[in-house]
$ cat run-v7.pdb   # PDB, C-alpha atoms, pLDDT in the B column
ATOM      1  CA  MET Y1237      51.977  36.056  25.461  1.00 44.00           C
ATOM      2  CA  ARG Y1238      54.042  32.864  25.666  1.00 46.00           C
ATOM      3  CA  ALA Y1239      55.133  32.084  29.246  1.00 53.00           C
ATOM      4  CA  PRO Y1240      58.871  32.549  29.777  1.00 57.00           C
ATOM      5  CA  LEU Y1241      60.884  29.356  29.996  1.00 70.00           C
ATOM      6  CA  ASP Y1242      61.635  28.513  33.638  1.00 86.00           C
ATOM      7  CA  THR Y1243      65.241  27.638  32.924  1.00 90.00           C
ATOM      8  CA  MET Y1244      66.263  27.281  36.568  1.00 90.00           C
ATOM      9  CA  ALA Y1245      63.526  24.686  37.081  1.00 91.00           C
ATOM     10  CA  VAL Y1246      64.748  22.816  33.994  1.00 92.00           C
ATOM     11  CA  ILE Y1247      68.274  22.764  35.424  1.00 93.00           C
ATOM     12  CA  ALA Y1248      67.055  21.694  38.886  1.00 92.00           C
ATOM     13  CA  GLU Y1249      65.235  18.767  37.240  1.00 92.00           C
ATOM     14  CA  HIS Y1250      68.630  17.465  36.123  1.00 94.00           C
ATOM     15  CA  GLN Y1251      70.370  17.975  39.464  1.00 93.00           C
ATOM     16  CA  ARG Y1252      68.793  15.102  41.334  1.00 92.00           C
ATOM     17  CA  SER Y1253      71.871  12.926  41.058  1.00 91.00           C
ATOM     18  CA  ALA Y1254      75.573  13.366  40.355  1.00 91.00           C
ATOM     19  CA  PRO Y1255      77.412  13.836  38.110  1.00 93.00           C
ATOM     20  CA  VAL Y1256      75.092  16.427  36.590  1.00 94.00           C
ATOM     21  CA  ASP Y1257      74.385  15.617  32.930  1.00 95.00           C
ATOM     22  CA  LEU Y1258      75.081  18.903  31.130  1.00 96.00           C
ATOM     23  CA  VAL Y1259      74.198  17.565  27.698  1.00 95.00           C
ATOM     24  CA  ALA Y1260      70.762  16.530  28.994  1.00 96.00           C
ATOM     25  CA  ILE Y1261      70.316  20.064  30.349  1.00 96.00           C
ATOM     26  CA  THR Y1262      71.163  21.607  26.962  1.00 96.00           C
ATOM     27  CA  HIS Y1263      68.679  19.269  25.247  1.00 95.00           C
ATOM     28  CA  ALA Y1264      65.987  20.200  27.752  1.00 95.00           C
ATOM     29  CA  LEU Y1265      66.698  23.900  27.204  1.00 95.00           C
ATOM     30  CA  GLY Y1266      66.579  23.466  23.421  1.00 94.00           C
ATOM     31  CA  ILE Y1267      70.231  24.356  22.825  1.00 96.00           C
ATOM     32  CA  SER Y1268      72.334  22.418  20.339  1.00 96.00           C
ATOM     33  CA  VAL Y1269      75.951  21.648  21.258  1.00 96.00           C
ATOM     34  CA  HIS Y1270      78.879  21.084  18.918  1.00 95.00           C
ATOM     35  CA  THR Y1271      82.627  20.806  19.283  1.00 95.00           C
ATOM     36  CA  ALA Y1272      84.926  22.322  16.712  1.00 95.00           C
ATOM     37  CA  PRO Y1273      88.528  23.502  16.563  1.00 95.00           C
ATOM     38  CA  LEU Y1274      88.180  27.140  17.622  1.00 94.00           C
ATOM     39  CA  GLY Y1275      90.970  29.666  17.565  1.00 87.00           C
ATOM     40  CA  ASN Y1276      93.788  29.586  20.078  1.00 86.00           C
ATOM     41  CA  GLY Y1277      92.691  31.328  23.256  1.00 91.00           C
ATOM     42  CA  ILE Y1278      88.980  30.665  22.699  1.00 95.00           C
ATOM     43  CA  SER Y1279      87.139  28.251  24.980  1.00 95.00           C
ATOM     44  CA  GLY Y1280      83.603  28.431  23.661  1.00 96.00           C
ATOM     45  CA  MET Y1281      80.837  30.307  21.924  1.00 96.00           C
ATOM     46  CA  LEU Y1282      77.113  30.832  22.417  1.00 97.00           C
ATOM     47  CA  LYS Y1283      75.470  31.782  19.133  1.00 95.00           C
ATOM     48  CA  ARG Y1284      72.007  32.583  17.864  1.00 94.00           C
ATOM     49  CA  ASP Y1285      71.579  30.335  14.857  1.00 91.00           C
ATOM     50  CA  ALA Y1286      68.156  29.632  13.362  1.00 87.00           C
ATOM     51  CA  VAL Y1287      69.518  26.702  11.340  1.00 89.00           C
ATOM     52  CA  ARG Y1288      72.115  24.956  13.542  1.00 89.00           C
ATOM     53  CA  GLY Y1289      70.660  26.112  16.855  1.00 89.00           C
ATOM     54  CA  GLY Y1290      68.173  23.899  18.696  1.00 88.00           C
ATOM     55  CA  PRO Y1291      64.521  24.780  19.322  1.00 92.00           C
ATOM     56  CA  SER Y1292      65.682  27.767  21.393  1.00 92.00           C
ATOM     57  CA  GLY Y1293      67.554  29.121  18.364  1.00 92.00           C
ATOM     58  CA  PHE Y1294      70.863  28.928  20.241  1.00 95.00           C
ATOM     59  CA  GLU Y1295      73.968  26.861  19.658  1.00 96.00           C
ATOM     60  CA  ILE Y1296      76.984  26.252  21.929  1.00 97.00           C
ATOM     61  CA  VAL Y1297      80.325  25.509  20.294  1.00 96.00           C
ATOM     62  CA  LEU Y1298      83.151  24.094  22.428  1.00 97.00           C
ATOM     63  CA  ASN Y1299      86.812  24.134  21.471  1.00 96.00           C
ATOM     64  CA  SER Y1300      87.720  20.549  20.589  1.00 95.00           C
ATOM     65  CA  HIS Y1301      91.409  21.281  21.333  1.00 93.00           C
ATOM     66  CA  GLU Y1302      90.709  21.806  25.050  1.00 92.00           C
ATOM     67  CA  PRO Y1303      90.774  18.999  27.662  1.00 90.00           C
ATOM     68  CA  PRO Y1304      87.459  17.417  28.777  1.00 90.00           C
ATOM     69  CA  ASN Y1305      87.325  19.137  32.175  1.00 88.00           C
ATOM     70  CA  ARG Y1306      87.703  22.586  30.551  1.00 90.00           C
ATOM     71  CA  ARG Y1307      85.103  21.749  27.912  1.00 93.00           C
ATOM     72  CA  GLN Y1308      82.786  20.609  30.695  1.00 93.00           C
ATOM     73  CA  PHE Y1309      83.160  23.892  32.584  1.00 93.00           C
ATOM     74  CA  THR Y1310      82.879  25.890  29.346  1.00 95.00           C
ATOM     75  CA  LEU Y1311      79.611  24.101  28.584  1.00 96.00           C
ATOM     76  CA  ALA Y1312      78.297  24.974  32.063  1.00 95.00           C
ATOM     77  CA  HIS Y1313      79.473  28.599  31.609  1.00 95.00           C
ATOM     78  CA  GLU Y1314      77.714  28.946  28.223  1.00 96.00           C
ATOM     79  CA  ILE Y1315      74.532  27.363  29.633  1.00 96.00           C
ATOM     80  CA  ALA Y1316      74.731  29.982  32.399  1.00 95.00           C
ATOM     81  CA  HIS Y1317      75.049  32.787  29.832  1.00 96.00           C
ATOM     82  CA  PHE Y1318      72.023  31.381  27.990  1.00 95.00           C
ATOM     83  CA  VAL Y1319      69.987  31.241  31.200  1.00 94.00           C
ATOM     84  CA  LEU Y1320      71.018  34.627  32.570  1.00 93.00           C
ATOM     85  CA  HIS Y1321      71.988  36.825  29.632  1.00 94.00           C
ATOM     86  CA  ARG Y1322      70.515  35.611  26.361  1.00 91.00           C
ATOM     87  CA  HIS Y1323      68.442  38.787  26.050  1.00 90.00           C
ATOM     88  CA  LEU Y1324      71.757  40.713  25.894  1.00 91.00           C
ATOM     89  CA  ILE Y1325      73.159  38.567  23.085  1.00 91.00           C
ATOM     90  CA  GLU Y1326      72.634  39.771  19.530  1.00 89.00           C
ATOM     91  CA  SER Y1327      74.286  37.327  17.135  1.00 91.00           C
ATOM     92  CA  GLY Y1328      76.454  35.575  19.717  1.00 94.00           C
ATOM     93  CA  LEU Y1329      79.320  35.788  22.188  1.00 95.00           C
ATOM     94  CA  THR Y1330      82.778  34.236  22.319  1.00 95.00           C
ATOM     95  CA  ASP Y1331      84.426  33.351  25.624  1.00 94.00           C
ATOM     96  CA  ASN Y1332      88.203  33.395  25.839  1.00 93.00           C
ATOM     97  CA  LYS Y1333      90.260  31.150  28.127  1.00 91.00           C
ATOM     98  CA  LEU Y1334      89.624  33.485  31.060  1.00 91.00           C
ATOM     99  CA  TYR Y1335      85.892  33.254  30.401  1.00 92.00           C
ATOM    100  CA  ARG Y1336      85.594  36.844  29.282  1.00 93.00           C
ATOM    101  CA  SER Y1337      83.245  37.465  26.362  1.00 93.00           C
ATOM    102  CA  GLY Y1338      82.848  41.207  26.105  1.00 91.00           C
ATOM    103  CA  LEU Y1339      79.875  41.256  28.459  1.00 93.00           C
ATOM    104  CA  PRO Y1340      80.480  43.389  31.564  1.00 92.00           C
ATOM    105  CA  GLU Y1341      82.494  41.802  34.408  1.00 90.00           C
ATOM    106  CA  PRO Y1342      79.479  41.304  36.753  1.00 89.00           C
ATOM    107  CA  GLU Y1343      77.756  39.237  34.044  1.00 92.00           C
ATOM    108  CA  GLU Y1344      80.852  37.015  33.702  1.00 93.00           C
ATOM    109  CA  VAL Y1345      81.000  36.519  37.480  1.00 91.00           C
ATOM    110  CA  GLN Y1346      77.286  35.629  37.450  1.00 91.00           C
ATOM    111  CA  ALA Y1347      77.912  33.097  34.672  1.00 94.00           C
ATOM    112  CA  ASN Y1348      80.820  31.541  36.598  1.00 93.00           C
ATOM    113  CA  ARG Y1349      78.738  31.419  39.771  1.00 91.00           C
ATOM    114  CA  LEU Y1350      75.836  29.693  38.036  1.00 92.00           C
ATOM    115  CA  ALA Y1351      78.192  27.367  36.135  1.00 94.00           C
ATOM    116  CA  ALA Y1352      79.685  26.203  39.444  1.00 91.00           C
ATOM    117  CA  GLU Y1353      76.192  25.802  40.879  1.00 92.00           C
ATOM    118  CA  ILE Y1354      75.147  23.743  37.853  1.00 94.00           C
ATOM    119  CA  LEU Y1355      78.146  21.403  38.118  1.00 94.00           C
ATOM    120  CA  MET Y1356      78.205  21.201  41.904  1.00 93.00           C
ATOM    121  CA  PRO Y1357      74.679  21.979  43.174  1.00 93.00           C
ATOM    122  CA  ALA Y1358      74.691  23.133  46.796  1.00 90.00           C
ATOM    123  CA  LYS Y1359      71.629  21.093  47.756  1.00 90.00           C
ATOM    124  CA  LEU Y1360      72.954  17.850  46.287  1.00 92.00           C
ATOM    125  CA  ILE Y1361      76.381  18.351  47.897  1.00 93.00           C
ATOM    126  CA  ARG Y1362      74.732  18.983  51.266  1.00 92.00           C
ATOM    127  CA  ASP Y1363      72.639  15.810  50.878  1.00 92.00           C
ATOM    128  CA  TYR Y1364      75.675  13.656  50.054  1.00 92.00           C
ATOM    129  CA  HIS Y1365      77.724  15.404  52.759  1.00 93.00           C
ATOM    130  CA  GLU Y1366      75.073  14.569  55.352  1.00 92.00           C
ATOM    131  CA  ASP Y1367      75.542  10.927  54.413  1.00 90.00           C
ATOM    132  CA  GLY Y1368      79.132  11.268  55.696  1.00 89.00           C
ATOM    133  CA  LEU Y1369      80.964  10.948  52.378  1.00 91.00           C
ATOM    134  CA  THR Y1370      84.609  12.021  52.306  1.00 92.00           C
ATOM    135  CA  THR Y1371      85.791  14.943  50.183  1.00 93.00           C
ATOM    136  CA  ARG Y1372      87.573  12.521  47.852  1.00 93.00           C
ATOM    137  CA  HIS Y1373      84.441  10.420  47.430  1.00 93.00           C
ATOM    138  CA  LEU Y1374      82.322  13.530  46.801  1.00 94.00           C
ATOM    139  CA  ALA Y1375      84.840  14.663  44.174  1.00 92.00           C
ATOM    140  CA  GLU Y1376      84.579  11.285  42.464  1.00 92.00           C
ATOM    141  CA  ILE Y1377      80.785  11.328  42.518  1.00 93.00           C
ATOM    142  CA  PHE Y1378      80.625  14.828  41.002  1.00 93.00           C
ATOM    143  CA  SER Y1379      83.512  14.070  38.594  1.00 90.00           C
ATOM    144  CA  VAL Y1380      85.550  17.071  39.699  1.00 91.00           C
ATOM    145  CA  SER Y1381      88.965  17.414  41.260  1.00 89.00           C
ATOM    146  CA  GLU Y1382      89.393  17.074  44.990  1.00 90.00           C
ATOM    147  CA  ALA Y1383      90.740  20.643  45.046  1.00 90.00           C
ATOM    148  CA  ALA Y1384      87.533  21.931  43.454  1.00 91.00           C
ATOM    149  CA  MET Y1385      85.388  19.968  45.903  1.00 92.00           C
ATOM    150  CA  ARG Y1386      87.398  21.302  48.865  1.00 92.00           C
ATOM    151  CA  ILE Y1387      86.785  24.891  47.700  1.00 91.00           C
ATOM    152  CA  ARG Y1388      83.086  24.193  47.138  1.00 90.00           C
ATOM    153  CA  LEU Y1389      82.670  22.605  50.595  1.00 92.00           C
ATOM    154  CA  ASP Y1390      84.504  25.538  52.141  1.00 89.00           C
ATOM    155  CA  ALA Y1391      82.262  28.046  50.316  1.00 86.00           C
ATOM    156  CA  LEU Y1392      79.168  26.175  51.525  1.00 87.00           C
ATOM    157  CA  GLY Y1393      80.495  26.178  55.100  1.00 89.00           C
ATOM    158  CA  LEU Y1394      80.680  22.365  55.178  1.00 91.00           C
ATOM    159  CA  PRO Y1395      83.588  20.674  56.987  1.00 90.00           C
ATOM    160  CA  GLN Y1396      86.013  18.411  55.107  1.00 84.00           C
ATOM    161  CA  GLN Y1397      85.531  14.756  55.972  1.00 78.00           C
TER     162      GLN Y1397
ATOM    163  CA  MET L  63      32.683  47.420 -42.642  1.00 75.00           C
ATOM    164  CA  LEU L  64      36.402  46.810 -42.371  1.00 79.00           C
ATOM    165  CA  ALA L  65      36.880  50.189 -40.731  1.00 84.00           C
ATOM    166  CA  GLY L  66      34.149  49.343 -38.187  1.00 85.00           C
ATOM    167  CA  LEU L  67      35.741  45.989 -37.370  1.00 85.00           C
ATOM    168  CA  SER L  68      39.127  47.646 -36.993  1.00 87.00           C
ATOM    169  CA  ALA L  69      37.668  50.255 -34.627  1.00 86.00           C
ATOM    170  CA  MET L  70      36.010  47.509 -32.553  1.00 88.00           C
ATOM    171  CA  ILE L  71      39.254  45.548 -32.277  1.00 89.00           C
ATOM    172  CA  THR L  72      41.101  48.709 -31.251  1.00 88.00           C
ATOM    173  CA  VAL L  73      38.516  49.521 -28.578  1.00 87.00           C
ATOM    174  CA  LEU L  74      38.599  45.913 -27.372  1.00 89.00           C
ATOM    175  CA  GLY L  75      42.422  46.005 -27.265  1.00 89.00           C
ATOM    176  CA  ILE L  76      42.448  49.210 -25.242  1.00 89.00           C
ATOM    177  CA  GLY L  77      39.855  47.729 -22.888  1.00 87.00           C
ATOM    178  CA  LEU L  78      41.856  44.567 -22.348  1.00 90.00           C
ATOM    179  CA  ALA L  79      45.042  46.559 -21.774  1.00 88.00           C
ATOM    180  CA  THR L  80      43.255  48.731 -19.214  1.00 88.00           C
ATOM    181  CA  ILE L  81      41.896  45.673 -17.401  1.00 88.00           C
ATOM    182  CA  ALA L  82      45.381  44.087 -17.406  1.00 87.00           C
ATOM    183  CA  ILE L  83      47.002  47.218 -15.962  1.00 87.00           C
ATOM    184  CA  TRP L  84      44.275  47.520 -13.330  1.00 87.00           C
ATOM    185  CA  GLY L  85      44.585  43.822 -12.462  1.00 86.00           C
ATOM    186  CA  PHE L  86      48.364  44.030 -12.196  1.00 86.00           C
ATOM    187  CA  SER L  87      48.199  47.048  -9.895  1.00 85.00           C
ATOM    188  CA  GLN L  88      45.659  45.183  -7.712  1.00 86.00           C
ATOM    189  CA  ILE L  89      47.988  42.153  -7.483  1.00 88.00           C
ATOM    190  CA  LYS L  90      50.910  44.446  -6.673  1.00 88.00           C
ATOM    191  CA  GLU L  91      48.891  46.130  -3.924  1.00 88.00           C
ATOM    192  CA  GLU L  92      47.827  42.774  -2.458  1.00 89.00           C
ATOM    193  CA  ALA L  93      51.438  41.547  -2.552  1.00 90.00           C
ATOM    194  CA  ARG L  94      52.589  44.741  -0.831  1.00 90.00           C
ATOM    195  CA  GLN L  95      49.940  44.353   1.879  1.00 90.00           C
ATOM    196  CA  ALA L  96      50.846  40.658   2.351  1.00 90.00           C
ATOM    197  CA  ALA L  97      54.551  41.541   2.695  1.00 90.00           C
ATOM    198  CA  GLU L  98      53.682  44.245   5.224  1.00 91.00           C
ATOM    199  CA  ARG L  99      51.519  41.770   7.161  1.00 91.00           C
ATOM    200  CA  VAL L 100      54.358  39.191   7.237  1.00 90.00           C
ATOM    201  CA  ALA L 101      56.859  41.838   8.378  1.00 90.00           C
ATOM    202  CA  ARG L 102      54.448  43.049  11.084  1.00 90.00           C
ATOM    203  CA  ASP L 103      53.814  39.477  12.301  1.00 90.00           C
ATOM    204  CA  GLU L 104      57.560  38.742  12.338  1.00 88.00           C
ATOM    205  CA  THR L 105      58.284  41.927  14.311  1.00 88.00           C
ATOM    206  CA  LEU L 106      55.543  41.020  16.792  1.00 88.00           C
ATOM    207  CA  ARG L 107      56.834  37.429  17.061  1.00 87.00           C
ATOM    208  CA  MET L 108      60.395  38.663  17.686  1.00 83.00           C
ATOM    209  CA  SER L 109      59.157  41.185  20.237  1.00 86.00           C
ATOM    210  CA  VAL L 110      57.214  38.469  22.129  1.00 86.00           C
ATOM    211  CA  LYS L 111      60.273  36.178  21.986  1.00 82.00           C
ATOM    212  CA  MET L 112      62.619  38.921  23.252  1.00 83.00           C
ATOM    213  CA  ASN L 113      60.212  39.813  26.065  1.00 85.00           C
ATOM    214  CA  ALA L 114      59.974  36.155  27.076  1.00 85.00           C
ATOM    215  CA  GLU L 115      63.788  35.852  27.006  1.00 83.00           C
ATOM    216  CA  ARG L 116      64.187  39.033  29.077  1.00 85.00           C
ATOM    217  CA  GLN L 117      61.607  37.888  31.640  1.00 85.00           C
ATOM    218  CA  SER L 118      63.026  34.365  31.870  1.00 84.00           C
ATOM    219  CA  ALA L 119      66.561  35.709  32.340  1.00 85.00           C
ATOM    220  CA  ALA L 120      65.410  38.169  35.006  1.00 84.00           C
ATOM    221  CA  GLU L 121      63.663  35.367  36.910  1.00 83.00           C
ATOM    222  CA  ALA L 122      66.784  33.180  36.662  1.00 82.00           C
ATOM    223  CA  ARG L 123      69.013  36.007  37.957  1.00 81.00           C
ATOM    224  CA  ALA L 124      66.611  36.555  40.875  1.00 81.00           C
ATOM    225  CA  GLU L 125      66.755  32.810  41.582  1.00 77.00           C
ATOM    226  CA  LEU L 126      70.565  32.853  41.461  1.00 76.00           C
ATOM    227  CA  LEU L 127      70.619  35.667  44.021  1.00 74.00           C
ATOM    228  CA  LYS L 128      68.732  33.418  46.444  1.00 73.00           C
ATOM    229  CA  THR L 129      71.590  30.884  46.511  1.00 70.00           C
ATOM    230  CA  PRO L 130      73.931  31.220  49.490  1.00 65.00           C
ATOM    231  CA  GLY L 131      76.291  34.152  49.062  1.00 66.00           C
ATOM    232  CA  VAL L 132      79.758  33.118  47.916  1.00 72.00           C
ATOM    233  CA  SER L 133      82.444  35.745  47.363  1.00 79.00           C
ATOM    234  CA  ASP L 134      83.600  36.545  43.819  1.00 81.00           C
ATOM    235  CA  ARG L 135      87.113  35.425  44.870  1.00 83.00           C
ATOM    236  CA  ALA L 136      85.790  32.018  46.002  1.00 82.00           C
ATOM    237  CA  VAL L 137      83.920  31.652  42.691  1.00 84.00           C
ATOM    238  CA  GLN L 138      87.121  32.433  40.751  1.00 89.00           C
ATOM    239  CA  ASN L 139      89.123  29.949  42.861  1.00 88.00           C
ATOM    240  CA  LEU L 140      86.530  27.308  42.100  1.00 87.00           C
ATOM    241  CA  VAL L 141      86.654  28.075  38.367  1.00 89.00           C
ATOM    242  CA  ASP L 142      90.454  27.797  38.473  1.00 90.00           C
ATOM    243  CA  ALA L 143      90.232  24.438  40.254  1.00 90.00           C
ATOM    244  CA  LEU L 144      87.564  23.111  37.880  1.00 89.00           C
ATOM    245  CA  THR L 145      89.525  24.093  34.776  1.00 88.00           C
ATOM    246  CA  ALA L 146      93.006  23.104  35.972  1.00 85.00           C
ATOM    247  CA  SER L 147      94.691  20.345  33.974  1.00 69.00           C
ATOM    248  CA  ASP L 148      93.736  17.723  36.596  1.00 57.00           C
ATOM    249  CA  GLY L 149      90.361  19.316  37.267  1.00 49.00           C
ATOM    250  CA  SER L 150      88.085  16.431  36.460  1.00 51.00           C
ATOM    251  CA  GLN L 151      87.729  12.722  36.065  1.00 48.00           C
ATOM    252  CA  ARG L 152      84.888  13.144  33.611  1.00 51.00           C
ATOM    253  CA  PRO L 153      85.229  10.830  30.633  1.00 46.00           C
ATOM    254  CA  GLU L 154      85.484  12.196  27.068  1.00 45.00           C
TER     255      GLU L 154
END

$ encode --input "run-v7.pdb" --output "structure tokens"
Amino acid sequence: MRAPLDTMAVIAEHQRSAPVDLVAITHALGISVHTAPLGNGISGMLKRDAVRGGPSGFEIVLNSHEPPNRRQFTLAHEIAHFVLHRHLIESGLTDNKLYRSGLPEPEEVQANRLAAEILMPAKLIRDYHEDGLTTRHLAEIFSVSEAAMRIRLDALGLPQQ
Amino acid sequence: MLAGLSAMITVLGIGLATIAIWGFSQIKEEARQAAERVARDETLRMSVKMNAERQSAAEARAELLKTPGVSDRAVQNLVDALTASDGSQRPE
């Protein structure tokens, strides 16, 4: 039987420097990514598609009407669904603006948790933090808001600098 | 003489028709078996793929559980901060 894809190892490979390149992660996982004007209230979709999907047979579609930072998080959230829940997906799932797709709540929380970990990897933040970088500088390096970096540092038990 | 020739042609015609019908049924049977084989292979391929997906996802979830525990509330706050209108300096 074919060995299962070690998706977490693939992601870790791309978390050696910041900002984390999400498009490179999707390529490595064999997922194709497109942007398209989706309906109002929809942030993104993860679909099984033998034609448009990449080698994995999956495609992510991001709402082109949303701002870049939302699209970035949506991409991380859909990658997380692919990694954690693709066996639960039949033809596809659609995430609304609250990142709810019809999967049970614990699955959505898992996807959010992994999405945050993909964008702001704990190990990499700790490494940079040890170098004495300020919160603002860390936020710039990871291309996130200072508010998001403050919350992440707090969650990791790291003091603001 | 003519009657004999006619009888021979008739017998030959019946023989050819019989062979054609037999041949056609053989081809049909082979086509049916080939279609069944393709369907069986496809089902097996899909089953292997689904098992691999299930196993990979289970391993990833186990890996995620090893990361330091962060409360669901903290995760939601982080999502809110990351998706707020000023949530990123990432270029287009």

$ residues_around --input "run-v7.pdb" --residues "Ile1261 (chain Y)" --least-positions-apart "3" --cutoff "12 Å" --atoms "all atoms listed in the file" --output "PDB file with C-alpha atoms, keeping the file's coordinate frame"
ATOM      1  CA  THR Y1243      65.241  27.638  32.924  1.00 90.00           C
ATOM      2  CA  MET Y1244      66.263  27.281  36.568  1.00 90.00           C
ATOM      3  CA  ALA Y1245      63.526  24.686  37.081  1.00 91.00           C
ATOM      4  CA  VAL Y1246      64.748  22.816  33.994  1.00 92.00           C
ATOM      5  CA  ILE Y1247      68.274  22.764  35.424  1.00 93.00           C
ATOM      6  CA  ALA Y1248      67.055  21.694  38.886  1.00 92.00           C
ATOM      7  CA  GLU Y1249      65.235  18.767  37.240  1.00 92.00           C
ATOM      8  CA  HIS Y1250      68.630  17.465  36.123  1.00 94.00           C
ATOM      9  CA  GLN Y1251      70.370  17.975  39.464  1.00 93.00           C
ATOM     10  CA  VAL Y1256      75.092  16.427  36.590  1.00 94.00           C
ATOM     11  CA  ASP Y1257      74.385  15.617  32.930  1.00 95.00           C
ATOM     12  CA  LEU Y1258      75.081  18.903  31.130  1.00 96.00           C
ATOM     13  CA  ALA Y1264      65.987  20.200  27.752  1.00 95.00           C
ATOM     14  CA  LEU Y1265      66.698  23.900  27.204  1.00 95.00           C
ATOM     15  CA  GLY Y1266      66.579  23.466  23.421  1.00 94.00           C
ATOM     16  CA  ILE Y1267      70.231  24.356  22.825  1.00 96.00           C
ATOM     17  CA  SER Y1268      72.334  22.418  20.339  1.00 96.00           C
ATOM     18  CA  VAL Y1269      75.951  21.648  21.258  1.00 96.00           C
ATOM     19  CA  LEU Y1311      79.611  24.101  28.584  1.00 96.00           C
ATOM     20  CA  ALA Y1312      78.297  24.974  32.063  1.00 95.00           C
ATOM     21  CA  GLU Y1314      77.714  28.946  28.223  1.00 96.00           C
ATOM     22  CA  ILE Y1315      74.532  27.363  29.633  1.00 96.00           C
ATOM     23  CA  ALA Y1316      74.731  29.982  32.399  1.00 95.00           C
ATOM     24  CA  PHE Y1318      72.023  31.381  27.990  1.00 95.00           C
ATOM     25  CA  VAL Y1319      69.987  31.241  31.200  1.00 94.00           C
ATOM     26  CA  ILE Y1354      75.147  23.743  37.853  1.00 94.00           C
ATOM     27  CA  LEU Y1355      78.146  21.403  38.118  1.00 94.00           C
TER      28      LEU Y1355
END

$ closest_residue --input "run-v7.pdb" --among "L:Leu74, L:Ala97, L:Ala122, L:Leu127" --to "chain Y" --atoms "only C-alpha atoms"
L:Ala122

$ interface_residues --input "run-v7.pdb" --of "chain Y" --to "chain L" --cutoff "8 Å" --atoms "all atoms listed in the file" --output "number ranges by chain"
Y: 1237-1244, 1303-1306, 1309, 1319-1323, 1345, 1348-1350, 1352, 1376, 1379-1381, 1383-1384, 1387-1388, 1391-1392

$ write_last_selection --input "run-v7.pdb" --atoms "C-alpha atoms" --output "PDB file, keeping the file's coordinate frame"
ATOM      1  CA  MET Y1237      51.977  36.056  25.461  1.00 44.00           C
ATOM      2  CA  ARG Y1238      54.042  32.864  25.666  1.00 46.00           C
ATOM      3  CA  ALA Y1239      55.133  32.084  29.246  1.00 53.00           C
ATOM      4  CA  PRO Y1240      58.871  32.549  29.777  1.00 57.00           C
ATOM      5  CA  LEU Y1241      60.884  29.356  29.996  1.00 70.00           C
ATOM      6  CA  ASP Y1242      61.635  28.513  33.638  1.00 86.00           C
ATOM      7  CA  THR Y1243      65.241  27.638  32.924  1.00 90.00           C
ATOM      8  CA  MET Y1244      66.263  27.281  36.568  1.00 90.00           C
ATOM      9  CA  PRO Y1303      90.774  18.999  27.662  1.00 90.00           C
ATOM     10  CA  PRO Y1304      87.459  17.417  28.777  1.00 90.00           C
ATOM     11  CA  ASN Y1305      87.325  19.137  32.175  1.00 88.00           C
ATOM     12  CA  ARG Y1306      87.703  22.586  30.551  1.00 90.00           C
ATOM     13  CA  PHE Y1309      83.160  23.892  32.584  1.00 93.00           C
ATOM     14  CA  VAL Y1319      69.987  31.241  31.200  1.00 94.00           C
ATOM     15  CA  LEU Y1320      71.018  34.627  32.570  1.00 93.00           C
ATOM     16  CA  HIS Y1321      71.988  36.825  29.632  1.00 94.00           C
ATOM     17  CA  ARG Y1322      70.515  35.611  26.361  1.00 91.00           C
ATOM     18  CA  HIS Y1323      68.442  38.787  26.050  1.00 90.00           C
ATOM     19  CA  VAL Y1345      81.000  36.519  37.480  1.00 91.00           C
ATOM     20  CA  ASN Y1348      80.820  31.541  36.598  1.00 93.00           C
ATOM     21  CA  ARG Y1349      78.738  31.419  39.771  1.00 91.00           C
ATOM     22  CA  LEU Y1350      75.836  29.693  38.036  1.00 92.00           C
ATOM     23  CA  ALA Y1352      79.685  26.203  39.444  1.00 91.00           C
ATOM     24  CA  GLU Y1376      84.579  11.285  42.464  1.00 92.00           C
ATOM     25  CA  SER Y1379      83.512  14.070  38.594  1.00 90.00           C
ATOM     26  CA  VAL Y1380      85.550  17.071  39.699  1.00 91.00           C
ATOM     27  CA  SER Y1381      88.965  17.414  41.260  1.00 89.00           C
ATOM     28  CA  ALA Y1383      90.740  20.643  45.046  1.00 90.00           C
ATOM     29  CA  ALA Y1384      87.533  21.931  43.454  1.00 91.00           C
ATOM     30  CA  ILE Y1387      86.785  24.891  47.700  1.00 91.00           C
ATOM     31  CA  ARG Y1388      83.086  24.193  47.138  1.00 90.00           C
ATOM     32  CA  ALA Y1391      82.262  28.046  50.316  1.00 86.00           C
ATOM     33  CA  LEU Y1392      79.168  26.175  51.525  1.00 87.00           C
TER      34      LEU Y1392
END

$ resolve_selection --input "run-v7.pdb" --expression "the PyMOL selection byres ((chain Y and resi 1326) around 12)" --output "list in words"
Leu1282, Lys1283, Arg1284, Asp1285, Gly1293, Phe1294, Phe1318, His1321, Arg1322, His1323, Leu1324, Ile1325, Ser1327, Gly1328, Leu1329, Thr1330 and Leu1339 of chain Y; Met112 of chain L

$ axis_aligned_box --input "run-v7.pdb" --around "region 122-135 of chain L" --padding-each-side "5 Å" --output "JSON"
{"center_x": 76.9, "center_y": 33.7, "center_z": 43.1, "size_x": 30.5, "size_y": 15.7, "size_z": 22.8}

$ atom_distance --input "run-v7.pdb" --atom1 "CA of His1301 (chain Y)" --atom2 "CA of Ala1272 (chain Y)"
8.0 Å

$ resolve_selection --input "run-v7.pdb" --expression "the PyMOL selection byres ((chain Y and resi 1396) around 8)" --output "PyMOL selection string"
chain Y and resi 1370-1371+1386+1389-1390+1394-1395+1397

$ atom_distance --input "run-v7.pdb" --atom1 "CA of Met1385 (chain Y)" --atom2 "CA of Ala1351 (chain Y)"
14.2 Å

$ atom_distance --input "run-v7.pdb" --atom1 "CA of Lys90 (chain L)" --atom2 "CA of Arg102 (chain L)"
18.2 Å

$ closest_residue --input "run-v7.pdb" --among "Y:Leu1374, Y:Ala1254, Y:Leu1298, Y:Ala1286" --to "Pro1273 (chain Y)" --atoms "only C-alpha atoms"
Y:Leu1298
